[in-house]
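K.L.:
Dropping the structure in here first, questions after.
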Amino acid sequence: MFWVLLLSIFGSIAVFVNRQLYRELIPYVVTTISAVQMFFLYVMVVHKNPFTTYLVNAPTDGEGLNPLLQNYWMVIHPPSLYTGFVGMTIPFAFGIAALATGHLDDSWLRAVRRWTMFSWLFLSFGLTLGMIWAYEELGWGGYWMWDPVRTRHCCRGSRQPPSCTR
């Protein structure tokens, strides 16, 4: 639900701010953001409904939250990553709009540069919080030593800044 809420807020802001300058791109931007929004709504409601809870009967197995996750870094880490991932939907939508309309010059990049930097900031922040958590809780002798999932995130994060420097 947090993902859908953020996407609706970010999409509304992006469309409102760029509606005059990029009038020919906005219909495609709205369509792309709406398609992503509908996908997450479909997955959330049909496949994993957040409103089916265990309020009446407690689950028979399990003893609550894993102690490794009871850390303040893990409270901030997931929302930071979600904010970064959702923010990257806006540059994606403008890229699809540029492809659909044939406006392949770099003018649409001005509309998404701030979104890309904003998203990259939150992704880097969330990744750093995850590193600190792994160092404190898991004690791997370094930040990650070797974790393919986190290493993949570092590789992706290192490729994003060149797209912001034009």
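Going through the structure tokens in order, the chains are called A, B, and so on, while each chain numbers its residues from 1 and the ligands are numbered from 1 in the order shown.
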Leaving out Ser119 in chain A and any residue of its chain fewer than 2 positions from it, which residues lie within 8 Å of it when counting only C-alpha atoms, given as an mmCIF file with all heavy atoms, in the first residue's frame?
P.N.:
data_model
loop_
_atom_site.group_PDB
_atom_site.id
_atom_site.type_symbol
_atom_site.label_atom_id
_atom_site.label_comp_id
_atom_site.auth_asym_id
_atom_site.auth_seq_id
_atom_site.Cartn_x
_atom_site.Cartn_y
_atom_site.Cartn_z
ATOM 1 N N THR A 83 10.998 4.309 -1.569
ATOM 2 C CA THR A 83 10.907 5.672 -2.101
ATOM 3 C C THR A 83 11.793 5.826 -3.332
ATOM 4 O O THR A 83 11.383 6.425 -4.328
ATOM 5 C CB THR A 83 11.299 6.689 -1.014
ATOM 6 O OG1 THR A 83 10.465 6.494 0.128
ATOM 7 C CG2 THR A 83 11.158 8.108 -1.512
ATOM 8 N N GLY A 84 12.989 5.274 -3.284
ATOM 9 C CA GLY A 84 13.882 5.340 -4.444
ATOM 10 C C GLY A 84 13.350 4.559 -5.634
ATOM 11 O O GLY A 84 13.386 5.029 -6.768
ATOM 12 N N PHE A 85 12.842 3.347 -5.399
ATOM 13 C CA PHE A 85 12.320 2.534 -6.492
ATOM 14 C C PHE A 85 11.092 3.179 -7.127
ATOM 15 O O PHE A 85 10.939 3.201 -8.346
ATOM 16 C CB PHE A 85 11.967 1.125 -6.009
ATOM 17 C CG PHE A 85 13.162 0.265 -5.747
ATOM 18 C CD1 PHE A 85 13.216 -0.538 -4.619
ATOM 19 C CD2 PHE A 85 14.239 0.238 -6.615
ATOM 20 C CE1 PHE A 85 14.303 -1.341 -4.370
ATOM 21 C CE2 PHE A 85 15.339 -0.556 -6.378
ATOM 22 C CZ PHE A 85 15.367 -1.355 -5.248
ATOM 23 N N VAL A 86 10.199 3.711 -6.291
ATOM 24 C CA VAL A 86 9.002 4.361 -6.830
ATOM 25 C C VAL A 86 9.380 5.621 -7.587
ATOM 26 O O VAL A 86 8.816 5.916 -8.640
ATOM 27 C CB VAL A 86 7.999 4.671 -5.701
ATOM 28 C CG1 VAL A 86 6.847 5.509 -6.204
ATOM 29 C CG2 VAL A 86 7.467 3.392 -5.098
ATOM 30 N N GLY A 87 10.342 6.365 -7.079
ATOM 31 C CA GLY A 87 10.776 7.580 -7.768
ATOM 32 C C GLY A 87 11.344 7.299 -9.147
ATOM 33 O O GLY A 87 11.227 8.115 -10.059
ATOM 34 N N MET A 88 11.950 6.126 -9.330
ATOM 35 C CA MET A 88 12.491 5.777 -10.648
ATOM 36 C C MET A 88 11.395 5.467 -11.669
ATOM 37 O O MET A 88 11.680 5.364 -12.858
ATOM 38 C CB MET A 88 13.449 4.580 -10.522
ATOM 39 C CG MET A 88 14.753 4.925 -9.845
ATOM 40 S SD MET A 88 15.631 6.297 -10.600
ATOM 41 C CE MET A 88 16.191 5.537 -12.096
ATOM 42 N N TRP A 115 14.126 14.003 -10.615
ATOM 43 C CA TRP A 115 13.541 12.745 -10.130
ATOM 44 C C TRP A 115 14.602 11.660 -10.033
ATOM 45 O O TRP A 115 14.605 10.864 -9.093
ATOM 46 C CB TRP A 115 12.414 12.285 -11.055
ATOM 47 C CG TRP A 115 11.171 13.076 -10.889
ATOM 48 C CD1 TRP A 115 10.709 14.052 -11.721
ATOM 49 C CD2 TRP A 115 10.239 12.986 -9.815
ATOM 50 N NE1 TRP A 115 9.548 14.568 -11.215
ATOM 51 C CE2 TRP A 115 9.230 13.934 -10.052
ATOM 52 C CE3 TRP A 115 10.163 12.202 -8.681
ATOM 53 C CZ2 TRP A 115 8.151 14.103 -9.200
ATOM 54 C CZ3 TRP A 115 9.093 12.375 -7.824
ATOM 55 C CH2 TRP A 115 8.100 13.321 -8.093
ATOM 56 N N THR A 116 15.491 11.629 -11.001
ATOM 57 C CA THR A 116 16.544 10.622 -10.985
ATOM 58 C C THR A 116 17.496 10.858 -9.810
ATOM 59 O O THR A 116 17.870 9.909 -9.114
ATOM 60 C CB THR A 116 17.319 10.648 -12.312
ATOM 61 O OG1 THR A 116 16.397 10.520 -13.385
ATOM 62 C CG2 THR A 116 18.328 9.533 -12.387
ATOM 63 N N MET A 117 17.865 12.096 -9.585
ATOM 64 C CA MET A 117 18.752 12.410 -8.467
ATOM 65 C C MET A 117 18.073 12.124 -7.124
ATOM 66 O O MET A 117 18.688 11.568 -6.216
ATOM 67 C CB MET A 117 19.195 13.876 -8.530
ATOM 68 C CG MET A 117 20.056 14.192 -9.736
ATOM 69 S SD MET A 117 21.589 13.269 -9.758
ATOM 70 C CE MET A 117 22.483 14.115 -8.483
ATOM 71 N N LEU A 121 19.359 9.308 -4.539
ATOM 72 C CA LEU A 121 19.677 9.666 -3.161
ATOM 73 C C LEU A 121 19.021 8.687 -2.192
ATOM 74 O O LEU A 121 19.665 8.172 -1.275
ATOM 75 C CB LEU A 121 19.227 11.099 -2.867
ATOM 76 C CG LEU A 121 19.334 11.539 -1.416
ATOM 77 C CD1 LEU A 121 20.791 11.791 -1.072
ATOM 78 C CD2 LEU A 121 18.495 12.759 -1.166
ATOM 79 N N PHE A 122 17.728 8.403 -2.391
ATOM 80 C CA PHE A 122 17.034 7.495 -1.487
ATOM 81 C C PHE A 122 17.514 6.055 -1.634
ATOM 82 O O PHE A 122 17.594 5.321 -0.653
ATOM 83 C CB PHE A 122 15.523 7.587 -1.678
ATOM 84 C CG PHE A 122 14.902 8.657 -0.837
ATOM 85 C CD1 PHE A 122 14.721 9.928 -1.336
ATOM 86 C CD2 PHE A 122 14.530 8.399 0.467
ATOM 87 C CE1 PHE A 122 14.165 10.921 -0.562
ATOM 88 C CE2 PHE A 122 13.981 9.395 1.262
ATOM 89 C CZ PHE A 122 13.795 10.660 0.749
ATOM 90 N N LEU A 123 17.822 5.631 -2.853
ATOM 91 C CA LEU A 123 18.365 4.283 -3.035
ATOM 92 C C LEU A 123 19.722 4.144 -2.359
ATOM 93 O O LEU A 123 20.007 3.132 -1.713
ATOM 94 C CB LEU A 123 18.462 3.947 -4.524
ATOM 95 C CG LEU A 123 17.149 3.657 -5.226
ATOM 96 C CD1 LEU A 123 17.365 3.543 -6.732
ATOM 97 C CD2 LEU A 123 16.514 2.395 -4.686
#
K.L.:
Given the choices A:Ser80, A:Ser34, A:Ser124, A:Gln20, which gets closest to Ala111 in chain A if the distance is worked out from only C-alpha atoms?
P.N.:
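Result for the nearest residue to Ala111 in chain A: A:Gln20.
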K.L.:
Here is a test: counting only C-alpha atoms, which residue of A:Ala98, A:Met1, A:Val112, A:Ala134 is nearest to Pro27 in chain A?
P.N.:
A:Ala98
K.L.:
With distances taken over only C-alpha atoms, which of A:Asn18, A:Thr101, A:Thr89, A:Asn71 is nearest to Trp133 in chain A?
P.N.:
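Of the candidates, the smallest distance to Trp133 in chain A is held by A:Asn71.
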K.L.:
Closest to Leu5 in chain A among A:Phe40, A:Tyr28, A:Trp108, A:Phe118, using only C-alpha atoms?
P.N.:
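Among the listed residues, the smallest separation from Leu5 in chain A belongs to A:Phe40.
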K.L.:
Leaving out range 72-79 of chain A and any residue of its chain fewer than 6 positions from it, which residues lie within 8 Å of it when counting only C-alpha atoms, given as a PyMOL selection string?
P.N.:
chain A and resi 125-127+129-130+132-133
K.L.:
Mind giving me the straight-line distance from CA of Arg23 in chain A to CA of Arg114 in chain A in Å, one decimal?
P.N.:
18.6 Å
K.L.:
As a count of residues only, which residues of range 6-108 of chain A does DSSP assign to alpha helix (DSSP H)?
P.N.:
61
K.L.:
Would you kindly return, as a list in words, each protein, DNA or RNA residue with an atom no farther than 10 Å from any atom of Phe94 in chain A, considering only C-alpha atoms and excluding same-chain residues fewer than 2 positions away?
P.N.:
Ala14, Tyr22, Leu25, Ile26, Tyr28, Val29, Val30, Thr32, Ile33, Thr89, Ile90, Pro91, Phe92, Ile96, Ala97, Ala98, Leu99, Ala100, Trp108, Leu109, Ala111 and Val112 of chain A
K.L.:
Atoms to include: N, CA and C atoms. Write the selected residues as a JSON list (two decimals), in the first residue's frame.
P.N.:
[["chain", "number", "residue", "atom", "x", "y", "z"],
["A", 14, "ALA", "N", 4.70, 14.91, -10.65],
["A", 14, "ALA", "CA", 5.42, 14.96, -11.93],
["A", 14, "ALA", "C", 4.53, 15.48, -13.05],
["A", 22, "TYR", "N", 5.87, 19.89, -21.35],
["A", 22, "TYR", "CA", 5.94, 18.63, -22.09],
["A", 22, "TYR", "C", 4.54, 18.11, -22.38],
["A", 25, "LEU", "N", 4.10, 14.82, -24.22],
["A", 25, "LEU", "CA", 4.54, 13.62, -23.53],
["A", 25, "LEU", "C", 3.61, 13.18, -22.40],
["A", 26, "ILE", "N", 2.89, 14.13, -21.83],
["A", 26, "ILE", "CA", 2.11, 13.88, -20.61],
["A", 26, "ILE", "C", 1.08, 12.76, -20.77],
["A", 28, "TYR", "N", 1.25, 10.02, -22.45],
["A", 28, "TYR", "CA", 1.99, 8.76, -22.38],
["A", 28, "TYR", "C", 2.59, 8.54, -21.00],
["A", 29, "VAL", "N", 3.01, 9.63, -20.36],
["A", 29, "VAL", "CA", 3.53, 9.54, -19.00],
["A", 29, "VAL", "C", 2.43, 9.06, -18.06],
["A", 30, "VAL", "N", 1.24, 9.65, -18.19],
["A", 30, "VAL", "CA", 0.11, 9.26, -17.34],
["A", 30, "VAL", "C", -0.27, 7.80, -17.60],
["A", 32, "THR", "N", 1.69, 5.36, -18.68],
["A", 32, "THR", "CA", 2.73, 4.47, -18.14],
["A", 32, "THR", "C", 2.64, 4.39, -16.62],
["A", 33, "ILE", "N", 2.50, 5.53, -15.97],
["A", 33, "ILE", "CA", 2.39, 5.53, -14.51],
["A", 33, "ILE", "C", 1.12, 4.78, -14.08],
["A", 89, "THR", "N", 10.17, 5.34, -11.23],
["A", 89, "THR", "CA", 9.06, 5.14, -12.17],
["A", 89, "THR", "C", 8.84, 6.39, -13.02],
["A", 90, "ILE", "N", 9.10, 7.55, -12.47],
["A", 90, "ILE", "CA", 8.88, 8.80, -13.21],
["A", 90, "ILE", "C", 9.84, 8.91, -14.39],
["A", 91, "PRO", "N", 11.16, 8.74, -14.23],
["A", 91, "PRO", "CA", 12.03, 8.74, -15.41],
["A", 91, "PRO", "C", 11.69, 7.64, -16.40],
["A", 92, "PHE", "N", 11.27, 6.48, -15.89],
["A", 92, "PHE", "CA", 10.86, 5.39, -16.77],
["A", 92, "PHE", "C", 9.66, 5.82, -17.61],
["A", 96, "ILE", "N", 9.53, 6.14, -21.71],
["A", 96, "ILE", "CA", 8.53, 5.46, -22.55],
["A", 96, "ILE", "C", 7.76, 6.47, -23.38],
["A", 97, "ALA", "N", 7.42, 7.61, -22.78],
["A", 97, "ALA", "CA", 6.71, 8.66, -23.51],
["A", 97, "ALA", "C", 7.55, 9.22, -24.64],
["A", 98, "ALA", "N", 8.84, 9.41, -24.41],
["A", 98, "ALA", "CA", 9.73, 9.92, -25.46],
["A", 98, "ALA", "C", 9.83, 8.90, -26.60],
["A", 99, "LEU", "N", 9.91, 7.63, -26.26],
["A", 99, "LEU", "CA", 9.94, 6.60, -27.31],
["A", 99, "LEU", "C", 8.64, 6.56, -28.09],
["A", 100, "ALA", "N", 7.52, 6.68, -27.39],
["A", 100, "ALA", "CA", 6.21, 6.58, -28.05],
["A", 100, "ALA", "C", 5.95, 7.77, -28.97],
["A", 108, "TRP", "N", 13.52, 15.97, -22.85],
["A", 108, "TRP", "CA", 12.72, 15.34, -21.80],
["A", 108, "TRP", "C", 13.58, 14.95, -20.60],
["A", 109, "LEU", "N", 14.90, 14.89, -20.80],
["A", 109, "LEU", "CA", 15.78, 14.56, -19.67],
["A", 109, "LEU", "C", 15.78, 15.65, -18.61],
["A", 111, "ALA", "N", 13.22, 17.13, -17.56],
["A", 111, "ALA", "CA", 12.05, 16.88, -16.70],
["A", 111, "ALA", "C", 12.33, 15.81, -15.67],
["A", 112, "VAL", "N", 13.24, 14.90, -15.96],
["A", 112, "VAL", "CA", 13.45, 13.76, -15.07],
["A", 112, "VAL", "C", 14.76, 13.81, -14.31]]
K.L.:
Which residue out of A:Pro67, A:Gln37, A:Glu24, A:Thr128 has the minimum interatomic distance to Phe10 in chain A when only C-alpha atoms are used?
P.N.:
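Ranking A:Pro67, A:Gln37, A:Glu24, A:Thr128 by distance to Phe10 in chain A, first place goes to A:Gln37.
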K.L.:
From the list A:Arg110, A:Gln70, A:Trp3, A:Thr31, which residue is nearest Val43 in chain A when using only C-alpha atoms?
P.N.:
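Nearest to Val43 in chain A: A:Trp3.
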K.L.:
Would you mind reading off the distance between CA of Tyr82 in chain A and CA of Met38 in chain A, one decimal, in Å?
P.N.:
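Separating CA of Tyr82 in chain A from CA of Met38 in chain A is a distance of 17.0 Å.
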